[in-house]
Amino acid sequence: MLDIKFIRENPSVVQRAAKDKGIAIEIDHVLEIDAKCKELFIAVQKLREERNKFSKAASNAVDNEKNKYIEEGKRVKNELEIKEHALKSVEEELHEWLLKIPNLPKANVRVGKDESENEVIRKHMLPSPFSFTPKDHLDLGEGLDIIDVKRAAKVSGTRFAYLKNEGALLEFALVQLVLEVLTSEGFTPIIPPVLIHKEITEGLGYWQAGGNEDYYNLNDPEEKKELYLVGTAEHSIVPMHKDEIFQKKELPKRYVGFSSAFRREAGSYGKDTRGILRVHQFDKVEMVSFVTEEDDDKEHEYLLSLEEKLFQLLEIPYQVVKMCTGDLGFPIARKYDIEAWMPGQGKYREVTSTSTTTDFQARRLNIKYQDGNEKKYSHILNGTAFAIGRTIIAILENYQQEDGSVVVPEALRKYVGKSVIKPKE
RNA sequence: GGAGAGGUGUCUGAGUGGACGAAAGAGAUGGUCUUGAAAACCAUUAAGGACGCAAGUUCUUCGUGAGUUCGAAUCUCACCCUCUCCGCCA
């Protein structure tokens, strides 16, 4: 959510930003409702003041005097009731409209209509050529007996998978590696809930533009509660601090969370259907930072540098992509993706993503910090440390040998307990 | 799942219809005293918003929401949360 004062003072900036993101908003209408709201608000305050005066007078007065004040009070009460109802409905209307206004892209983000205009800002390691035709992760995974999508389909349907044998070990290895790296950087390790209230999902602001069809809704009529499965650990880590105020010295506050992530992948029918690149359920290690306003940019670069460090440790070729305005999500002001080289597809594919939401989520969730006498909205950033499934894909495809075996990256050997994964007979 | 108790300011805790934004204590801050410290004493100590150059005036907030009333921390209803005991359970 943007500050209504900012919108009042800079309507054209807001309009422009939404347009750059490809989101339609009606700024004039918002300003109109805001004006109406303010007018009613002042009227209501005046009436309340009157009401308070009469009730005070009534409590001090005696007998016949008293009745007079009570009568006056009744009159004001009736008038106030009408105005308060009107105000409430206008306030709600304004709030709904405000929720539809996306966060502003940062100034150094390129204006562009969609992913075709994203910029590759650097590459690390060039893909090395294979002396044979590389396989894709599913062929490799099935040969090694570490990925099983066929049985998963029997039990859960398409877009599910079993990771087994060294596949499961690789997952635990990646988790251990990343926890070691990030806890030594001072991140607080955390395992969050994966079910969250509907109201929380609104605070995060991801579902505003396209609705919530990307996430699973567990609507239990018995419980009278509507819970959603998280799409990423960020969804339950960020709102941990809802309605809280940090001391400035507590910031930056950084979490590294491990959780399963659930996505319906509605609207991606027929896309990436092979293997485990795009599945309904996967595990992920996620970073979340709460920082001061002035540290926002620095923190974003820091999160990106950690993501790069992790892929450098795995010695996998990657490129860093900076998203253009048209490819930024609703609450996001700037976003970088790391795309790892996937030889089986002959393409770079997204493996991590880091975003700053500036104070946009903080405003919706009411997360502040105390800076001297001032309370400011904290800036909230997130970044993938390892999206495990996709990282495993990158490992399998980059480390494959001609005989279908896969060398374990040096950094993971001590956790996996072996240096090569061999095809099963 | 069954039975009880409770949610008040930074904290403890009083307050059951009207000078209550809220007693008292603790804590914190400033001061007096002291060579210094402690103790003692004195003073200050909620947040957010509206109007105003300012002094200031005013509105809202006692778990949340609705209601009763001229007036609600206090009464009514619903919901949320916490605690204790019993049962069940990885």
# chains A, B, ... in the order shown; residues from 1 in each chain; ligands from 1

call {"tool": "residues_around", "arguments": {"residues": "A:Gln361", "least_positions_apart": "4", "cutoff": "10 Å", "atoms": "only C-alpha atoms (C1' of nucleotides)", "output": "ChimeraX atom specification"}}
result
/A:1-2,103,202-206,238-239,242,331-332,356-357,365-367,377-381

call {"tool": "interface_residues", "arguments": {"of": "chain B", "to": "chain A", "cutoff": "7 Å", "atoms": "only C-alpha atoms (C1' of nucleotides)", "output": "list in words"}}
result
G18, C59, C70 and G71 of chain B

call {"tool": "residues_around", "arguments": {"residues": "B:C81", "least_positions_apart": "6", "cutoff": "12 Å", "atoms": "only C-alpha atoms (C1' of nucleotides)", "output": "PDB file with N, CA and C atoms (P, O5', C5', C4', C3', O3' and C1' of nucleotides), in the first residue's frame"}}
result
ATOM      1  P     G B   6     -12.186 -14.663  36.055  1.00  0.00           P
ATOM      2  O5'   G B   6     -11.094 -14.096  35.045  1.00  0.00           O
ATOM      3  C5'   G B   6      -9.837 -13.652  35.528  1.00  0.00           C
ATOM      4  C4'   G B   6      -8.857 -13.545  34.395  1.00  0.00           C
ATOM      5  C3'   G B   6      -9.092 -12.438  33.378  1.00  0.00           C
ATOM      6  O3'   G B   6      -8.708 -11.185  33.908  1.00  0.00           O
ATOM      7  C1'   G B   6      -8.420 -14.419  32.271  1.00  0.00           C
ATOM      8  P     G B   7      -8.700  -9.858  32.978  1.00  0.00           P
ATOM      9  O5'   G B   7      -7.326 -10.106  32.209  1.00  0.00           O
ATOM     10  C5'   G B   7      -6.621  -9.029  31.639  1.00  0.00           C
ATOM     11  C4'   G B   7      -6.087  -9.454  30.278  1.00  0.00           C
ATOM     12  C3'   G B   7      -6.199  -8.333  29.248  1.00  0.00           C
ATOM     13  O3'   G B   7      -4.904  -8.012  28.765  1.00  0.00           O
ATOM     14  C1'   G B   7      -7.067 -10.393  28.395  1.00  0.00           C
ATOM     15  P     G B  63      -9.243  -4.717  26.712  1.00  0.00           P
ATOM     16  O5'   G B  63      -8.766  -5.305  25.303  1.00  0.00           O
ATOM     17  C5'   G B  63      -7.384  -5.291  24.945  1.00  0.00           C
ATOM     18  C4'   G B  63      -7.194  -6.126  23.710  1.00  0.00           C
ATOM     19  C3'   G B  63      -8.222  -5.868  22.614  1.00  0.00           C
ATOM     20  O3'   G B  63      -7.827  -4.796  21.781  1.00  0.00           O
ATOM     21  C1'   G B  63      -8.047  -8.198  23.017  1.00  0.00           C
ATOM     22  P     U B  64      -8.916  -3.865  21.131  1.00  0.00           P
ATOM     23  O5'   U B  64      -9.535  -4.821  20.009  1.00  0.00           O
ATOM     24  C5'   U B  64      -8.814  -5.157  18.835  1.00  0.00           C
ATOM     25  C4'   U B  64      -9.718  -5.918  17.889  1.00  0.00           C
ATOM     26  C3'   U B  64     -11.060  -5.252  17.625  1.00  0.00           C
ATOM     27  O3'   U B  64     -10.966  -4.268  16.611  1.00  0.00           O
ATOM     28  C1'   U B  64     -11.423  -7.521  18.125  1.00  0.00           C
TER      29        U B  64
END

call {"tool": "residues_around", "arguments": {"residues": "stretch 22-38 of chain B", "least_positions_apart": "3", "cutoff": "12 Å", "atoms": "only C-alpha atoms (C1' of nucleotides)", "output": "PyMOL selection string"}}
result
chain B and resi 8-15+41-46+62+73-74

call {"tool": "select_by_dssp", "arguments": {"residues": "stretch 142-221 of chain A", "states": "alpha helix (DSSP H)", "output": "MDAnalysis selection string"}}
result
chainID A and resid 142:144 149:156 166:184 198:204

call {"tool": "select_by_dssp", "arguments": {"residues": "stretch 130-252 of chain A", "states": "strand (DSSP E or B)", "output": "PyMOL selection string"}}
result
chain A and resi 147-148+162-163+188-190+195-197+217-220+225-229+245-247

call {"tool": "closest_residue", "arguments": {"among": "A:Leu303, A:Val285, A:Leu140, A:Ile393", "to": "A:Leu177", "atoms": "only C-alpha atoms"}}
result
A:Val285

call {"tool": "atom_distance", "arguments": {"atom1": "atom CA of A:Asp34", "atom2": "atom CA of A:Leu87"}}
result
11.0 Å

call {"tool": "residues_around", "arguments": {"residues": "stretch 248-252 of chain A", "least_positions_apart": "3", "cutoff": "6 Å", "atoms": "only C-alpha atoms (C1' of nucleotides)", "output": "mmCIF file with C-alpha atoms, in the first residue's frame"}}
result
data_model
loop_
_atom_site.group_PDB
_atom_site.id
_atom_site.type_symbol
_atom_site.label_atom_id
_atom_site.label_comp_id
_atom_site.auth_asym_id
_atom_site.auth_seq_id
_atom_site.Cartn_x
_atom_site.Cartn_y
_atom_site.Cartn_z
ATOM 1 C CA PHE A 290 13.783 -6.157 7.668
ATOM 2 C CA VAL A 291 15.882 -3.015 7.275
ATOM 3 C CA TYR A 369 10.900 0.829 13.456
ATOM 4 C CA GLN A 370 11.688 3.507 15.971
ATOM 5 C CA ASP A 371 14.209 6.000 14.597
#

call {"tool": "closest_residue", "arguments": {"among": "A:Leu306, A:Ile395, A:Ile200, A:Val30", "to": "A:Trp97", "atoms": "only C-alpha atoms"}}
result
A:Val30

call {"tool": "atom_distance", "arguments": {"atom1": "atom CA of A:Gly267", "atom2": "atom CA of A:Ala153"}}
result
19.4 Å

call {"tool": "closest_residue", "arguments": {"among": "B:U60, B:G65, B:A5, B:A55", "to": "B:U82", "atoms": "only C-alpha atoms (C1' of nucleotides)"}}
result
B:A5

call {"tool": "atom_distance", "arguments": {"atom1": "atom CA of A:Tyr399", "atom2": "atom CA of A:Ala261"}}
result
26.2 Å

call {"tool": "decode", "arguments": {"residues": "stretch 75-164 of chain A", "atoms": "C-alpha atoms", "output": "mmCIF file, in the first residue's frame"}}
result
data_model
loop_
_atom_site.group_PDB
_atom_site.id
_atom_site.type_symbol
_atom_site.label_atom_id
_atom_site.label_comp_id
_atom_site.auth_asym_id
_atom_site.auth_seq_id
_atom_site.Cartn_x
_atom_site.Cartn_y
_atom_site.Cartn_z
ATOM 1 C CA ARG A 75 -30.248 14.746 18.691
ATOM 2 C CA VAL A 76 -26.506 14.740 18.098
ATOM 3 C CA LYS A 77 -26.365 11.014 18.509
ATOM 4 C CA ASN A 78 -28.824 10.418 15.712
ATOM 5 C CA GLU A 79 -27.042 12.758 13.380
ATOM 6 C CA LEU A 80 -23.702 11.230 14.247
ATOM 7 C CA GLU A 81 -24.923 7.724 13.590
ATOM 8 C CA ILE A 82 -25.862 8.613 10.038
ATOM 9 C CA LYS A 83 -22.580 10.346 9.321
ATOM 10 C CA GLU A 84 -20.503 7.612 10.904
ATOM 11 C CA HIS A 85 -22.096 4.989 8.740
ATOM 12 C CA ALA A 86 -21.487 7.085 5.676
ATOM 13 C CA LEU A 87 -17.872 7.621 6.687
ATOM 14 C CA LYS A 88 -17.311 3.963 7.300
ATOM 15 C CA SER A 89 -18.534 2.943 3.898
ATOM 16 C CA VAL A 90 -16.473 5.631 2.164
ATOM 17 C CA GLU A 91 -13.395 4.617 4.162
ATOM 18 C CA GLU A 92 -13.843 1.023 3.130
ATOM 19 C CA GLU A 93 -14.230 2.037 -0.459
ATOM 20 C CA LEU A 94 -11.063 4.136 -0.310
ATOM 21 C CA HIS A 95 -9.147 1.322 1.327
ATOM 22 C CA GLU A 96 -10.193 -1.100 -1.417
ATOM 23 C CA TRP A 97 -9.017 1.291 -4.075
ATOM 24 C CA LEU A 98 -5.743 1.931 -2.294
ATOM 25 C CA LEU A 99 -5.092 -1.793 -2.158
ATOM 26 C CA LYS A 100 -5.319 -1.871 -5.929
ATOM 27 C CA ILE A 101 -2.427 0.550 -6.387
ATOM 28 C CA PRO A 102 0.862 -1.277 -6.917
ATOM 29 C CA ASN A 103 4.219 -0.391 -5.429
ATOM 30 C CA LEU A 104 6.367 2.073 -7.374
ATOM 31 C CA PRO A 105 9.334 0.629 -9.245
ATOM 32 C CA LYS A 106 12.688 1.997 -8.101
ATOM 33 C CA ALA A 107 14.184 4.714 -10.243
ATOM 34 C CA ASN A 108 16.950 2.525 -11.667
ATOM 35 C CA VAL A 109 14.582 -0.114 -12.993
ATOM 36 C CA ARG A 110 14.204 -0.206 -16.748
ATOM 37 C CA VAL A 111 10.763 0.518 -18.121
ATOM 38 C CA GLY A 112 9.614 -2.404 -20.201
ATOM 39 C CA LYS A 113 6.481 -4.298 -21.071
ATOM 40 C CA ASP A 114 7.401 -7.891 -20.207
ATOM 41 C CA GLU A 115 10.203 -10.369 -19.653
ATOM 42 C CA SER A 116 11.575 -9.797 -23.128
ATOM 43 C CA GLU A 117 12.882 -6.448 -21.893
ATOM 44 C CA ASN A 118 14.661 -7.721 -18.781
ATOM 45 C CA GLU A 119 18.393 -7.029 -18.716
ATOM 46 C CA VAL A 120 21.114 -9.584 -18.179
ATOM 47 C CA ILE A 121 23.515 -7.664 -15.969
ATOM 48 C CA ARG A 122 26.285 -10.241 -15.596
ATOM 49 C CA LYS A 123 27.286 -13.821 -16.191
ATOM 50 C CA HIS A 124 29.401 -16.110 -14.077
ATOM 51 C CA MET A 125 31.291 -19.072 -15.636
ATOM 52 C CA LEU A 126 30.530 -19.903 -19.210
ATOM 53 C CA PRO A 127 28.679 -23.117 -19.923
ATOM 54 C CA SER A 128 31.283 -25.735 -20.818
ATOM 55 C CA PRO A 129 30.566 -27.807 -23.888
ATOM 56 C CA PHE A 130 29.815 -31.505 -23.518
ATOM 57 C CA SER A 131 31.561 -34.182 -25.549
ATOM 58 C CA PHE A 132 28.230 -36.012 -25.692
ATOM 59 C CA THR A 133 24.603 -34.971 -25.887
ATOM 60 C CA PRO A 134 23.589 -33.923 -22.384
ATOM 61 C CA LYS A 135 20.424 -35.394 -20.942
ATOM 62 C CA ASP A 136 17.801 -33.468 -19.090
ATOM 63 C CA HIS A 137 17.247 -33.823 -15.368
ATOM 64 C CA LEU A 138 14.323 -36.223 -15.659
ATOM 65 C CA ASP A 139 16.199 -38.748 -17.785
ATOM 66 C CA LEU A 140 19.141 -38.449 -15.444
ATOM 67 C CA GLY A 141 17.019 -38.575 -12.324
ATOM 68 C CA GLU A 142 15.140 -41.667 -13.460
ATOM 69 C CA GLY A 143 18.361 -43.375 -14.497
ATOM 70 C CA LEU A 144 19.834 -42.683 -11.088
ATOM 71 C CA ASP A 145 16.565 -43.645 -9.381
ATOM 72 C CA ILE A 146 16.460 -40.392 -7.479
ATOM 73 C CA ILE A 147 13.390 -38.737 -9.048
ATOM 74 C CA ASP A 148 10.070 -40.514 -9.467
ATOM 75 C CA VAL A 149 7.247 -38.569 -11.066
ATOM 76 C CA LYS A 150 5.325 -41.584 -12.329
ATOM 77 C CA ARG A 151 4.437 -42.909 -8.919
ATOM 78 C CA ALA A 152 3.827 -39.381 -7.686
ATOM 79 C CA ALA A 153 1.253 -39.010 -10.453
ATOM 80 C CA LYS A 154 -0.470 -42.139 -9.185
ATOM 81 C CA VAL A 155 -0.681 -40.765 -5.664
ATOM 82 C CA SER A 156 -1.012 -37.019 -6.133
ATOM 83 C CA GLY A 157 -1.415 -36.236 -9.818
ATOM 84 C CA THR A 158 0.765 -34.385 -12.250
ATOM 85 C CA ARG A 159 3.350 -31.865 -11.112
ATOM 86 C CA PHE A 160 4.332 -33.847 -8.039
ATOM 87 C CA ALA A 161 7.477 -35.845 -7.460
ATOM 88 C CA TYR A 162 9.251 -38.172 -5.123
ATOM 89 C CA LEU A 163 12.892 -37.390 -4.442
ATOM 90 C CA LYS A 164 14.606 -40.511 -3.210
#
